[in-house]
$ cat model.pdb   # PDB, C-alpha atoms and all ligand atoms
ATOM      1  CA  MET O 169      18.288 146.134  91.239
ATOM      2  CA  ARG O 170      17.133 144.821  87.885
ATOM      3  CA  LYS O 171      20.327 142.834  87.416
ATOM      4  CA  LEU O 172      20.041 141.373  90.903
ATOM      5  CA  GLY O 173      16.378 140.497  90.297
ATOM      6  CA  LEU O 174      17.199 138.594  87.128
ATOM      7  CA  ALA O 175      20.100 136.785  88.754
ATOM      8  CA  LEU O 176      17.907 135.718  91.677
ATOM      9  CA  VAL O 177      15.093 134.606  89.377
ATOM     10  CA  ALA O 178      17.573 132.472  87.426
ATOM     11  CA  ILE O 179      18.964 130.902  90.570
ATOM     12  CA  PHE O 180      15.532 130.303  92.122
ATOM     13  CA  ALA O 181      14.330 128.698  88.906
ATOM     14  CA  ALA O 182      17.335 126.388  88.852
ATOM     15  CA  MET O 183      16.719 125.482  92.480
ATOM     16  CA  SER O 184      12.993 124.812  92.208
ATOM     17  CA  LEU O 185      13.755 122.371  89.395
ATOM     18  CA  LEU O 186      15.894 120.423  91.804
ATOM     19  CA  GLY O 187      13.162 120.581  94.451
ATOM     20  CA  GLY O 188      15.596 120.482  97.369
ATOM     21  CA  CYS O 189      14.265 120.608 100.909
ATOM     22  CA  THR O 190      13.964 124.114 102.259
ATOM     23  CA  SER O 191      13.769 125.626 105.705
ATOM     24  CA  LYS O 192      12.421 129.113 106.355
ATOM     25  CA  PRO O 193      14.962 131.502 107.853
ATOM     26  CA  GLN O 194      13.988 132.164 111.448
ATOM     27  CA  LYS O 195      13.323 135.647 112.788
ATOM     28  CA  SER O 196      16.609 136.736 114.274
ATOM     29  CA  SER O 197      15.076 138.898 117.071
ATOM     30  CA  GLY O 198      17.963 141.348 117.318
ATOM     31  CA  LYS O 199      20.623 138.650 117.097
ATOM     32  CA  MET O 200      23.372 138.803 114.497
ATOM     33  CA  LEU O 201      22.345 136.587 111.570
ATOM     34  CA  VAL O 202      25.125 134.180 110.565
ATOM     35  CA  ALA O 203      25.119 131.639 107.727
ATOM     36  CA  ALA O 204      27.512 128.681 107.898
ATOM     37  CA  SER O 205      28.076 126.317 104.992
ATOM     38  CA  ILE O 206      28.324 123.023 106.907
ATOM     39  CA  GLY O 207      27.248 121.713 110.317
ATOM     40  CA  PRO O 208      30.643 121.767 112.065
ATOM     41  CA  LEU O 209      31.213 125.403 111.070
ATOM     42  CA  GLY O 210      27.675 126.219 112.255
ATOM     43  CA  ASN O 211      28.490 124.554 115.564
ATOM     44  CA  PHE O 212      31.723 126.593 115.886
ATOM     45  CA  ALA O 213      29.800 129.790 115.061
ATOM     46  CA  ASN O 214      27.216 129.003 117.755
ATOM     47  CA  GLU O 215      29.941 128.291 120.305
ATOM     48  CA  VAL O 216      31.707 131.595 119.551
ATOM     49  CA  GLY O 217      28.534 133.678 119.216
ATOM     50  CA  GLY O 218      26.474 132.162 122.041
ATOM     51  CA  ASN O 219      23.175 133.986 122.511
ATOM     52  CA  LEU O 220      24.369 136.949 120.406
ATOM     53  CA  VAL O 221      23.926 135.091 117.109
ATOM     54  CA  ASP O 222      21.321 133.262 115.064
ATOM     55  CA  VAL O 223      23.228 130.646 113.024
ATOM     56  CA  GLN O 224      21.737 129.012 109.934
ATOM     57  CA  VAL O 225      23.476 125.924 108.513
ATOM     58  CA  LEU O 226      23.220 125.638 104.726
ATOM     59  CA  VAL O 227      24.299 122.058 103.826
ATOM     60  CA  GLN O 228      22.071 119.606 105.716
ATOM     61  CA  PRO O 229      22.954 115.999 106.620
ATOM     62  CA  GLY O 230      22.451 113.571 103.770
ATOM     63  CA  ALA O 231      23.600 116.178 101.252
ATOM     64  CA  SER O 232      27.174 116.238 100.022
ATOM     65  CA  PRO O 233      28.861 119.644 100.352
ATOM     66  CA  HIS O 234      30.519 118.846  97.014
ATOM     67  CA  THR O 235      27.267 118.802  95.041
ATOM     68  CA  TYR O 236      25.099 121.170  97.068
ATOM     69  CA  GLN O 237      22.440 123.603  95.794
ATOM     70  CA  LEU O 238      21.228 126.533  97.935
ATOM     71  CA  SER O 239      17.455 126.882  98.312
ATOM     72  CA  ALA O 240      15.549 130.090  97.549
ATOM     73  CA  ASP O 241      14.934 130.642 101.286
ATOM     74  CA  GLN O 242      18.636 130.275 101.976
ATOM     75  CA  MET O 243      19.422 132.870  99.293
ATOM     76  CA  GLU O 244      16.922 135.228 100.913
ATOM     77  CA  MET O 245      18.577 134.652 104.285
ATOM     78  CA  LEU O 246      22.041 135.383 102.814
ATOM     79  CA  SER O 247      20.780 138.745 101.593
ATOM     80  CA  GLN O 248      20.157 139.671 105.271
ATOM     81  CA  ALA O 249      23.047 137.928 107.046
ATOM     82  CA  SER O 250      25.982 139.719 108.682
ATOM     83  CA  VAL O 251      28.536 136.907 108.342
ATOM     84  CA  LEU O 252      28.890 133.962 105.965
ATOM     85  CA  VAL O 253      31.184 131.286 107.420
ATOM     86  CA  LEU O 254      32.786 129.136 104.733
ATOM     87  CA  ASN O 255      35.397 126.415 104.823
ATOM     88  CA  GLY O 256      37.083 127.434 101.579
ATOM     89  CA  LEU O 257      39.345 125.276  99.365
ATOM     90  CA  HIS O 258      36.459 125.052  96.864
ATOM     91  CA  LEU O 259      34.228 123.046  99.203
ATOM     92  CA  GLU O 260      31.627 125.773  98.615
ATOM     93  CA  PHE O 261      31.898 125.873  94.833
ATOM     94  CA  TRP O 262      28.568 127.749  94.807
ATOM     95  CA  ALA O 263      29.740 130.564  97.092
ATOM     96  CA  ASP O 264      30.819 133.253  94.594
ATOM     97  CA  LYS O 265      27.593 133.030  92.625
ATOM     98  CA  ALA O 266      25.463 133.045  95.787
ATOM     99  CA  ILE O 267      27.360 136.002  97.289
ATOM    100  CA  ASN O 268      26.913 138.034  94.091
ATOM    101  CA  ALA O 269      23.225 137.237  93.911
ATOM    102  CA  ALA O 270      22.684 138.043  97.600
ATOM    103  CA  ASP O 271      23.903 141.604  96.842
ATOM    104  CA  ASN O 272      24.426 142.266 100.558
ATOM    105  CA  PRO O 273      27.069 144.964 101.125
ATOM    106  CA  LYS O 274      27.284 144.335 104.887
ATOM    107  CA  LEU O 275      27.981 140.587 104.480
ATOM    108  CA  ILE O 276      31.402 139.567 105.840
ATOM    109  CA  VAL O 277      32.572 136.377 104.114
ATOM    110  CA  VAL O 278      35.117 134.341 106.053
ATOM    111  CA  HIS O 279      37.167 131.450 104.621
ATOM    112  CA  THR O 280      38.133 129.542 107.750
ATOM    113  CA  ALA O 281      40.656 127.202 106.058
ATOM    114  CA  ASP O 282      42.810 130.156 104.948
ATOM    115  CA  GLY O 283      46.268 129.920 106.503
ATOM    116  CA  LEU O 284      46.198 126.140 107.083
ATOM    117  CA  PRO O 285      48.760 123.815 105.402
ATOM    118  CA  VAL O 286      46.752 122.239 102.585
ATOM    119  CA  ILE O 287      47.179 118.667 101.339
ATOM    120  CA  GLU O 288      47.000 118.361  97.561
ATOM    121  CA  GLY O 289      43.747 116.859  96.327
ATOM    122  CA  LYS O 290      45.127 115.518  93.086
ATOM    123  CA  ASP O 291      47.717 112.788  92.749
ATOM    124  CA  GLU O 292      48.117 109.287  91.328
ATOM    125  CA  GLU O 293      46.801 107.570  94.434
ATOM    126  CA  HIS O 294      43.709 109.637  94.947
ATOM    127  CA  GLY O 295      42.705 110.752  91.475
ATOM    128  CA  ASP O 296      41.113 114.096  90.794
ATOM    129  CA  VAL O 297      38.517 114.319  93.546
ATOM    130  CA  HIS O 298      39.682 117.681  95.000
ATOM    131  CA  PRO O 299      41.501 119.642  92.277
ATOM    132  CA  GLY O 300      41.734 122.755  94.506
ATOM    133  CA  GLY O 301      43.377 120.972  97.445
ATOM    134  CA  ASN O 302      41.717 118.617  99.926
ATOM    135  CA  PRO O 303      39.095 120.717 101.775
ATOM    136  CA  HIS O 304      38.320 118.470 104.801
ATOM    137  CA  VAL O 305      40.468 120.424 107.272
ATOM    138  CA  TRP O 306      37.794 120.593 110.023
ATOM    139  CA  LEU O 307      38.210 116.859 110.718
ATOM    140  CA  ASN O 308      41.556 117.646 112.334
ATOM    141  CA  PRO O 309      40.634 119.202 115.721
ATOM    142  CA  MET O 310      43.883 121.188 115.736
ATOM    143  CA  TYR O 311      42.790 122.835 112.490
ATOM    144  CA  ALA O 312      39.277 123.268 113.886
ATOM    145  CA  ILE O 313      40.873 125.523 116.524
ATOM    146  CA  HIS O 314      42.203 127.758 113.730
ATOM    147  CA  GLN O 315      38.720 127.830 112.187
ATOM    148  CA  VAL O 316      37.117 128.783 115.519
ATOM    149  CA  GLU O 317      39.598 131.631 115.977
ATOM    150  CA  THR O 318      38.958 132.840 112.420
ATOM    151  CA  ILE O 319      35.214 132.913 113.153
ATOM    152  CA  ARG O 320      35.896 134.845 116.392
ATOM    153  CA  ASP O 321      37.825 137.488 114.431
ATOM    154  CA  ALA O 322      35.030 137.810 111.850
ATOM    155  CA  PHE O 323      32.400 138.247 114.580
ATOM    156  CA  ILE O 324      34.499 140.926 116.258
ATOM    157  CA  LYS O 325      34.771 142.733 112.915
ATOM    158  CA  ALA O 326      31.006 142.494 112.305
ATOM    159  CA  ASP O 327      30.005 143.366 115.896
ATOM    160  CA  PRO O 328      32.934 145.044 117.731
ATOM    161  CA  SER O 329      30.822 146.042 120.749
ATOM    162  CA  HIS O 330      30.757 142.384 121.897
ATOM    163  CA  LYS O 331      34.458 141.713 121.395
ATOM    164  CA  SER O 332      35.084 140.519 124.982
ATOM    165  CA  GLN O 333      32.221 138.024 124.848
ATOM    166  CA  TYR O 334      33.316 136.508 121.511
ATOM    167  CA  THR O 335      36.883 136.309 122.797
ATOM    168  CA  LYS O 336      35.855 134.512 125.988
ATOM    169  CA  ASN O 337      33.462 132.112 124.237
ATOM    170  CA  ALA O 338      36.138 131.187 121.670
ATOM    171  CA  ALA O 339      38.749 130.576 124.381
ATOM    172  CA  ASP O 340      36.338 128.329 126.328
ATOM    173  CA  TYR O 341      35.570 126.254 123.231
ATOM    174  CA  VAL O 342      39.209 126.023 122.167
ATOM    175  CA  ALA O 343      39.974 124.533 125.601
ATOM    176  CA  LYS O 344      37.375 121.815 124.884
ATOM    177  CA  LEU O 345      38.921 121.158 121.470
ATOM    178  CA  ARG O 346      42.363 120.774 123.074
ATOM    179  CA  LYS O 347      40.880 118.190 125.448
ATOM    180  CA  LEU O 348      39.292 116.407 122.463
ATOM    181  CA  ASP O 349      42.677 116.339 120.706
ATOM    182  CA  LYS O 350      44.339 114.882 123.780
ATOM    183  CA  ASP O 351      41.684 112.167 124.112
ATOM    184  CA  ILE O 352      41.848 111.214 120.420
ATOM    185  CA  ARG O 353      45.646 111.001 120.592
ATOM    186  CA  ALA O 354      45.416 108.661 123.605
ATOM    187  CA  GLU O 355      42.749 106.472 121.962
ATOM    188  CA  VAL O 356      44.469 106.192 118.572
ATOM    189  CA  ALA O 357      47.694 105.226 120.369
ATOM    190  CA  THR O 358      45.919 101.996 121.404
ATOM    191  CA  PHE O 359      45.026 101.030 117.798
ATOM    192  CA  LYS O 360      46.818  97.881 116.615
ATOM    193  CA  SER O 361      46.115  98.609 112.954
ATOM    194  CA  ARG O 362      46.713 102.057 111.422
ATOM    195  CA  ASP O 363      45.887 101.627 107.721
ATOM    196  CA  PHE O 364      42.456 102.251 106.289
ATOM    197  CA  ILE O 365      40.746 102.387 102.911
ATOM    198  CA  THR O 366      38.218 105.149 102.358
ATOM    199  CA  PHE O 367      35.525 105.750  99.771
ATOM    200  CA  HIS O 368      36.197 109.502  99.584
ATOM    201  CA  PRO O 369      39.521 111.073 100.769
ATOM    202  CA  THR O 370      37.932 112.810 103.743
ATOM    203  CA  TRP O 371      40.288 111.784 106.562
ATOM    204  CA  VAL O 372      43.681 112.928 105.281
ATOM    205  CA  TYR O 373      44.139 115.755 107.816
ATOM    206  CA  PHE O 374      42.947 113.578 110.700
ATOM    207  CA  ALA O 375      45.257 110.764 109.553
ATOM    208  CA  ARG O 376      48.274 113.062 109.281
ATOM    209  CA  GLU O 377      47.641 114.482 112.773
ATOM    210  CA  TYR O 378      47.114 111.153 114.560
ATOM    211  CA  GLY O 379      49.351 108.785 112.620
ATOM    212  CA  LEU O 380      46.794 106.797 110.616
ATOM    213  CA  VAL O 381      47.471 105.932 106.961
ATOM    214  CA  GLU O 382      45.021 106.245 104.080
ATOM    215  CA  ALA O 383      46.116 103.260 101.969
ATOM    216  CA  ALA O 384      43.673 103.980  99.139
ATOM    217  CA  ALA O 385      40.568 105.950  98.195
ATOM    218  CA  ILE O 386      37.927 104.055  96.211
ATOM    219  CA  GLU O 387      36.397 107.103  94.512
ATOM    220  CA  LYS O 388      38.719 108.370  91.765
ATOM    221  CA  SER O 389      36.701 111.314  90.494
ATOM    222  CA  PRO O 390      33.805 113.226  92.091
ATOM    223  CA  GLY O 391      30.507 111.385  92.049
ATOM    224  CA  ARG O 392      31.741 108.527  89.841
ATOM    225  CA  GLU O 393      31.363 104.934  91.015
ATOM    226  CA  PRO O 394      34.625 102.988  90.578
ATOM    227  CA  SER O 395      35.008 100.522  87.707
ATOM    228  CA  PRO O 396      35.248  96.746  88.391
ATOM    229  CA  SER O 397      39.011  96.824  87.659
ATOM    230  CA  GLU O 398      39.537  99.745  90.076
ATOM    231  CA  ILE O 399      37.626  97.810  92.743
ATOM    232  CA  GLY O 400      39.749  94.734  91.955
ATOM    233  CA  ASP O 401      42.961  96.719  92.511
ATOM    234  CA  ILE O 402      41.715  97.969  95.866
ATOM    235  CA  VAL O 403      40.631  94.480  96.955
ATOM    236  CA  ASP O 404      44.150  93.214  96.117
ATOM    237  CA  LEU O 405      45.741  95.998  98.137
ATOM    238  CA  CYS O 406      43.326  95.383 101.028
ATOM    239  CA  LYS O 407      44.307  91.691 101.156
ATOM    240  CA  ARG O 408      48.036  92.330 100.690
ATOM    241  CA  GLU O 409      48.186  94.976 103.450
ATOM    242  CA  HIS O 410      45.721  93.153 105.767
ATOM    243  CA  ILE O 411      43.550  96.246 105.999
ATOM    244  CA  ARG O 412      40.726  95.973 108.521
ATOM    245  CA  ALA O 413      38.742  99.169 108.020
ATOM    246  CA  ILE O 414      36.909 100.809 105.120
ATOM    247  CA  PHE O 415      35.730 104.320 106.008
ATOM    248  CA  ALA O 416      32.320 105.262 104.591
ATOM    249  CA  GLU O 417      30.019 108.273 105.030
ATOM    250  CA  PRO O 418      26.220 108.574 104.880
ATOM    251  CA  GLN O 419      26.314 111.108 102.008
ATOM    252  CA  PHE O 420      28.091 108.665  99.689
ATOM    253  CA  SER O 421      26.703 105.305  98.536
ATOM    254  CA  PRO O 422      28.317 102.543 100.629
ATOM    255  CA  LYS O 423      27.956  99.998  97.788
ATOM    256  CA  ALA O 424      31.573 100.056  96.561
ATOM    257  CA  ALA O 425      32.902 100.064 100.145
ATOM    258  CA  GLU O 426      30.755  97.008 100.966
ATOM    259  CA  VAL O 427      31.967  95.149  97.874
ATOM    260  CA  VAL O 428      35.601  95.741  98.850
ATOM    261  CA  ALA O 429      34.961  94.839 102.489
ATOM    262  CA  ASP O 430      33.197  91.566 101.583
ATOM    263  CA  GLU O 431      36.050  90.532  99.298
ATOM    264  CA  CYS O 432      38.899  91.181 101.720
ATOM    265  CA  GLY O 433      37.286  90.619 105.121
ATOM    266  CA  ALA O 434      37.516  94.245 106.266
ATOM    267  CA  ARG O 435      34.765  96.090 108.088
ATOM    268  CA  VAL O 436      32.805  99.110 106.740
ATOM    269  CA  LEU O 437      32.790 101.898 109.328
ATOM    270  CA  MET O 438      30.085 104.529 108.900
ATOM    271  CA  LEU O 439      31.696 107.847 109.885
ATOM    272  CA  ASN O 440      30.002 111.221 110.174
ATOM    273  CA  THR O 441      31.785 114.271 108.798
ATOM    274  CA  ILE O 442      29.183 117.044 108.935
ATOM    275  CA  GLY O 443      27.274 116.303 112.146
ATOM    276  CA  GLN O 444      23.588 116.098 113.043
ATOM    277  CA  PRO O 445      20.945 118.758 113.750
ATOM    278  CA  PRO O 446      19.880 120.531 115.824
ATOM    279  CA  ASP O 447      23.280 121.494 117.226
ATOM    280  CA  PHE O 448      25.740 119.647 114.920
ATOM    281  CA  ASP O 449      27.873 118.927 117.995
ATOM    282  CA  TYR O 450      31.377 118.597 116.520
ATOM    283  CA  ILE O 451      33.058 117.249 119.651
ATOM    284  CA  LYS O 452      30.448 114.507 120.073
ATOM    285  CA  MET O 453      30.684 113.697 116.349
ATOM    286  CA  MET O 454      34.458 113.298 116.546
ATOM    287  CA  ARG O 455      34.245 111.150 119.684
ATOM    288  CA  ASP O 456      31.664 108.925 117.956
ATOM    289  CA  ASN O 457      33.896 108.680 114.875
ATOM    290  CA  VAL O 458      36.925 107.600 116.901
ATOM    291  CA  ASN O 459      34.799 105.009 118.763
ATOM    292  CA  GLU O 460      33.638 103.689 115.380
ATOM    293  CA  MET O 461      37.241 103.510 114.094
ATOM    294  CA  ALA O 462      38.222 101.592 117.218
ATOM    295  CA  LYS O 463      35.730  98.813 116.333
ATOM    296  CA  ALA O 464      37.989  97.715 113.484
ATOM    297  CA  LEU O 465      41.416  99.160 114.265
ATOM    298  CA  LYS O 466      41.851  98.521 117.992
TER     299      LYS O 466
HETATM  300 ZN    ZN G   1      35.773 115.761  99.582
END
$ encode --input "model.pdb" --output "structure tokens" --more "lines below"
Ligand SMILES: [Zn+2]
Amino acid sequence: MRKLGLALVAIFAAMSLLGGCTSKPQKSSGKMLVAASIGPLGNFANEVGGNLVDVQVLVQPGASPHTYQLSADQMEMLSQASVLVLNGLHLEFWADKAINAADNPKLIVVHTADGLPVIEGKDEEHGDVHPGGNPHVWLNPMYAIHQVETIRDAFIKADPSHKSQYTKNAADYVAKLRKLDKDIRAEVATFKSRDFITFHPTWVYFAREYGLVEAAAIEKSPGREPSPSEIGDIVDLCKREHIRAIFAEPQFSPKAAEVVADECGARVLMLNTIGQPPDFDYIKMMRDNVNEMAKALK
């Protein structure tokens, strides 16, 4: 207990210094308490669990999952949760420390990206942004299906008496994801331009699935703004390849993307990768993203 107490005090102290926004864990009223690292995984957990679960999303919109800090209330909630739903691939770099500090023997930790074919995060083109492999698997709806089924299996393990309900809920949601995949495929097929430049290499799994091409990523290492010569290289490439779209995200500064777009006549598209509260509706988010892409690529 003493060791846990000290560890928690250290973590809480570090967090209060950062003064992040906090939300009190809700009373779970007999429901299974589930923590999910990011909005889309929280949405999947809610779809699979239905009214049997109380899902708390840890990384809120506006925050980058790559630089996130858990709040003291979130740590308290983890110490009582039954399941922690993670992406994996080092997206949740804070997870091991938080799990140790939560000291919760009943907590089932599930890495939903396990078993998916990972794209390397480190190469000449894209720099060193994701040394552990590119983590943004959920942005490919076909991979999201794998993540939903992994969550289903974890819920069945944590709460076997409701196996049939979790199984049915997961199957219903997977059917909706298959429809989403079909619709995206049909829409992307109408795009006249397939190349894009991105600030952060977030769309690699989506691009591979639907035949788009990430021509360059502006950010070369995590959190570092590109140098003028790096921006110059990307502007040259943008002009040479007649690229029409620069993908940006609200959690990263759009400044560099706007500079490149102004220089080469491309358009900055603001895409959403972690959804919006209260329900973090993944399917709506992906439909909105594809509509946004169409503005420049169609
Ligand atoms: Zn990333």
$ resolve_selection --input "model.pdb" --expression "the PyMOL selection byres (((not hetatm)) within 7 of (chain G and resi 1))" --output "number ranges by chain"
O: 234, 297-298, 302-304, 368-370
$ residues_around --input "model.pdb" --residues "O:Asp447" --least-positions-apart "6" --cutoff "12 Å" --atoms "all atoms listed in the file" --output "PyMOL selection string"
chain O and resi 206-215+223-225+228-229+453
$ atom_distance --input "model.pdb" --atom1 "atom CA of O:Tyr373" --atom2 "atom CA of O:Arg392"
23.0 Å
$ closest_atom_pairs --input "model.pdb" --of "stretch 264-371 of chain O" --to "stretch 403-416 of chain O" --cutoff "10 Å" --atoms "all atoms listed in the file" --output "Markdown table"
| residue | atom | partner | partner_atom | distance |
| --- | --- | --- | --- | --- |
| O:Ser361 | CA | O:Arg412 | CA | 7.5 |
| O:Arg362 | CA | O:Ile411 | CA | 8.6 |
| O:Asp363 | CA | O:Ile411 | CA | 6.1 |
| O:Phe364 | CA | O:Ala413 | CA | 5.1 |
| O:Ile365 | CA | O:Ile414 | CA | 4.7 |
| O:Thr366 | CA | O:Phe415 | CA | 4.5 |
| O:Phe367 | CA | O:Ala416 | CA | 5.8 |
| O:His368 | CA | O:Ala416 | CA | 7.6 |
| O:Pro369 | CA | O:Phe415 | CA | 9.3 |
| O:Thr370 | CA | O:Phe415 | CA | 9.1 |
| O:Trp371 | CA | O:Phe415 | CA | 8.8 |
$ write_last_selection --input "model.pdb" --atoms "C-alpha atoms" --output "PDB file, keeping the file's coordinate frame"
ATOM      1  CA  SER O 361      46.115  98.609 112.954  1.00  0.00           C
ATOM      2  CA  ARG O 362      46.713 102.057 111.422  1.00  0.00           C
ATOM      3  CA  ASP O 363      45.887 101.627 107.721  1.00  0.00           C
ATOM      4  CA  PHE O 364      42.456 102.251 106.289  1.00  0.00           C
ATOM      5  CA  ILE O 365      40.746 102.387 102.911  1.00  0.00           C
ATOM      6  CA  THR O 366      38.218 105.149 102.358  1.00  0.00           C
ATOM      7  CA  PHE O 367      35.525 105.750  99.771  1.00  0.00           C
ATOM      8  CA  HIS O 368      36.197 109.502  99.584  1.00  0.00           C
ATOM      9  CA  PRO O 369      39.521 111.073 100.769  1.00  0.00           C
ATOM     10  CA  THR O 370      37.932 112.810 103.743  1.00  0.00           C
ATOM     11  CA  TRP O 371      40.288 111.784 106.562  1.00  0.00           C
TER      12      TRP O 371
END
$ atom_distance --input "model.pdb" --atom1 "atom CA of O:Val342" --atom2 "atom CA of O:Val305"
16.0 Å
$ resolve_selection --input "model.pdb" --expression "the PyMOL selection byres (((chain O and resi 358) around 9) and not hetatm)" --output "count of residues only"
9
$ decode --input "model.pdb" --residues "stretch 281-360 of chain O" --atoms "C-alpha atoms" --output "mmCIF file, in the first residue's frame"
data_model
loop_
_atom_site.group_PDB
_atom_site.id
_atom_site.type_symbol
_atom_site.label_atom_id
_atom_site.label_comp_id
_atom_site.auth_asym_id
_atom_site.auth_seq_id
_atom_site.Cartn_x
_atom_site.Cartn_y
_atom_site.Cartn_z
ATOM 1 C CA ALA O 281 -4.207 -3.197 -32.410
ATOM 2 C CA ASP O 282 -2.580 -6.544 -31.545
ATOM 3 C CA GLY O 283 -2.729 -8.889 -34.529
ATOM 4 C CA LEU O 284 -3.040 -6.153 -37.184
ATOM 5 C CA PRO O 285 -0.380 -5.725 -39.929
ATOM 6 C CA VAL O 286 1.596 -2.706 -38.730
ATOM 7 C CA ILE O 287 3.148 -0.076 -41.003
ATOM 8 C CA GLU O 288 6.604 1.024 -39.887
ATOM 9 C CA GLY O 289 6.647 4.466 -38.301
ATOM 10 C CA LYS O 290 10.251 5.231 -39.098
ATOM 11 C CA ASP O 291 11.702 5.672 -42.558
ATOM 12 C CA GLU O 292 13.403 8.303 -44.709
ATOM 13 C CA GLU O 293 10.153 9.795 -45.950
ATOM 14 C CA HIS O 294 8.397 10.132 -42.648
ATOM 15 C CA GLY O 295 11.169 10.641 -40.126
ATOM 16 C CA ASP O 296 10.988 9.311 -36.608
ATOM 17 C CA VAL O 297 7.464 10.250 -35.580
ATOM 18 C CA HIS O 298 6.321 6.718 -34.588
ATOM 19 C CA PRO O 299 9.386 4.645 -33.647
ATOM 20 C CA GLY O 300 7.197 1.737 -32.437
ATOM 21 C CA GLY O 301 5.199 1.422 -35.666
ATOM 22 C CA ASN O 302 2.444 3.734 -36.901
ATOM 23 C CA PRO O 303 -0.379 3.477 -34.318
ATOM 24 C CA HIS O 304 -3.320 5.034 -36.251
ATOM 25 C CA VAL O 305 -4.948 1.715 -37.184
ATOM 26 C CA TRP O 306 -8.496 2.744 -36.138
ATOM 27 C CA LEU O 307 -8.736 5.113 -39.126
ATOM 28 C CA ASN O 308 -9.052 2.067 -41.373
ATOM 29 C CA PRO O 309 -12.636 0.820 -40.788
ATOM 30 C CA MET O 310 -11.583 -2.734 -41.664
ATOM 31 C CA TYR O 311 -9.088 -2.607 -38.799
ATOM 32 C CA ALA O 312 -11.708 -0.965 -36.582
ATOM 33 C CA ILE O 313 -13.715 -4.189 -36.994
ATOM 34 C CA HIS O 314 -10.785 -6.138 -35.517
ATOM 35 C CA GLN O 315 -10.645 -3.657 -32.628
ATOM 36 C CA VAL O 316 -14.389 -4.010 -31.968
ATOM 37 C CA GLU O 317 -14.089 -7.803 -31.891
ATOM 38 C CA THR O 318 -11.109 -7.577 -29.526
ATOM 39 C CA ILE O 319 -13.175 -5.388 -27.182
ATOM 40 C CA ARG O 320 -16.056 -7.909 -27.383
ATOM 41 C CA ASP O 321 -13.703 -10.710 -26.302
ATOM 42 C CA ALA O 322 -12.364 -8.647 -23.383
ATOM 43 C CA PHE O 323 -15.895 -7.839 -22.182
ATOM 44 C CA ILE O 324 -16.855 -11.507 -22.346
ATOM 45 C CA LYS O 325 -13.777 -12.352 -20.266
ATOM 46 C CA ALA O 326 -14.586 -9.647 -17.690
ATOM 47 C CA ASP O 327 -18.342 -10.377 -17.573
ATOM 48 C CA PRO O 328 -19.074 -13.862 -19.014
ATOM 49 C CA SER O 329 -22.718 -13.861 -17.880
ATOM 50 C CA HIS O 330 -23.561 -11.332 -20.637
ATOM 51 C CA LYS O 331 -21.684 -13.097 -23.423
ATOM 52 C CA SER O 332 -24.697 -13.329 -25.779
ATOM 53 C CA GLN O 333 -25.464 -9.621 -25.466
ATOM 54 C CA TYR O 334 -21.865 -8.524 -26.156
ATOM 55 C CA THR O 335 -21.726 -10.912 -29.105
ATOM 56 C CA LYS O 336 -24.943 -9.561 -30.620
ATOM 57 C CA ASN O 337 -24.042 -5.899 -30.048
ATOM 58 C CA ALA O 338 -20.614 -6.405 -31.657
ATOM 59 C CA ALA O 339 -22.121 -8.163 -34.686
ATOM 60 C CA ASP O 340 -24.665 -5.345 -35.172
ATOM 61 C CA TYR O 341 -21.939 -2.691 -35.053
ATOM 62 C CA VAL O 342 -19.594 -4.630 -37.327
ATOM 63 C CA ALA O 343 -22.395 -4.702 -39.925
ATOM 64 C CA LYS O 344 -22.507 -0.878 -39.754
ATOM 65 C CA LEU O 345 -18.728 -0.693 -40.152
ATOM 66 C CA ARG O 346 -18.918 -2.927 -43.241
ATOM 67 C CA LYS O 347 -21.493 -0.538 -44.713
ATOM 68 C CA LEU O 348 -19.193 2.400 -43.882
ATOM 69 C CA ASP O 349 -16.311 0.641 -45.655
ATOM 70 C CA LYS O 350 -18.447 0.045 -48.723
ATOM 71 C CA ASP O 351 -19.554 3.691 -48.844
ATOM 72 C CA ILE O 352 -16.008 5.035 -48.419
ATOM 73 C CA ARG O 353 -14.750 2.733 -51.179
ATOM 74 C CA ALA O 354 -17.471 4.014 -53.539
ATOM 75 C CA GLU O 355 -16.786 7.673 -52.675
ATOM 76 C CA VAL O 356 -12.990 7.463 -52.947
ATOM 77 C CA ALA O 357 -13.401 5.760 -56.338
ATOM 78 C CA THR O 358 -14.798 9.085 -57.620
ATOM 79 C CA PHE O 359 -11.721 11.097 -56.516
ATOM 80 C CA LYS O 360 -9.751 12.529 -59.449
#
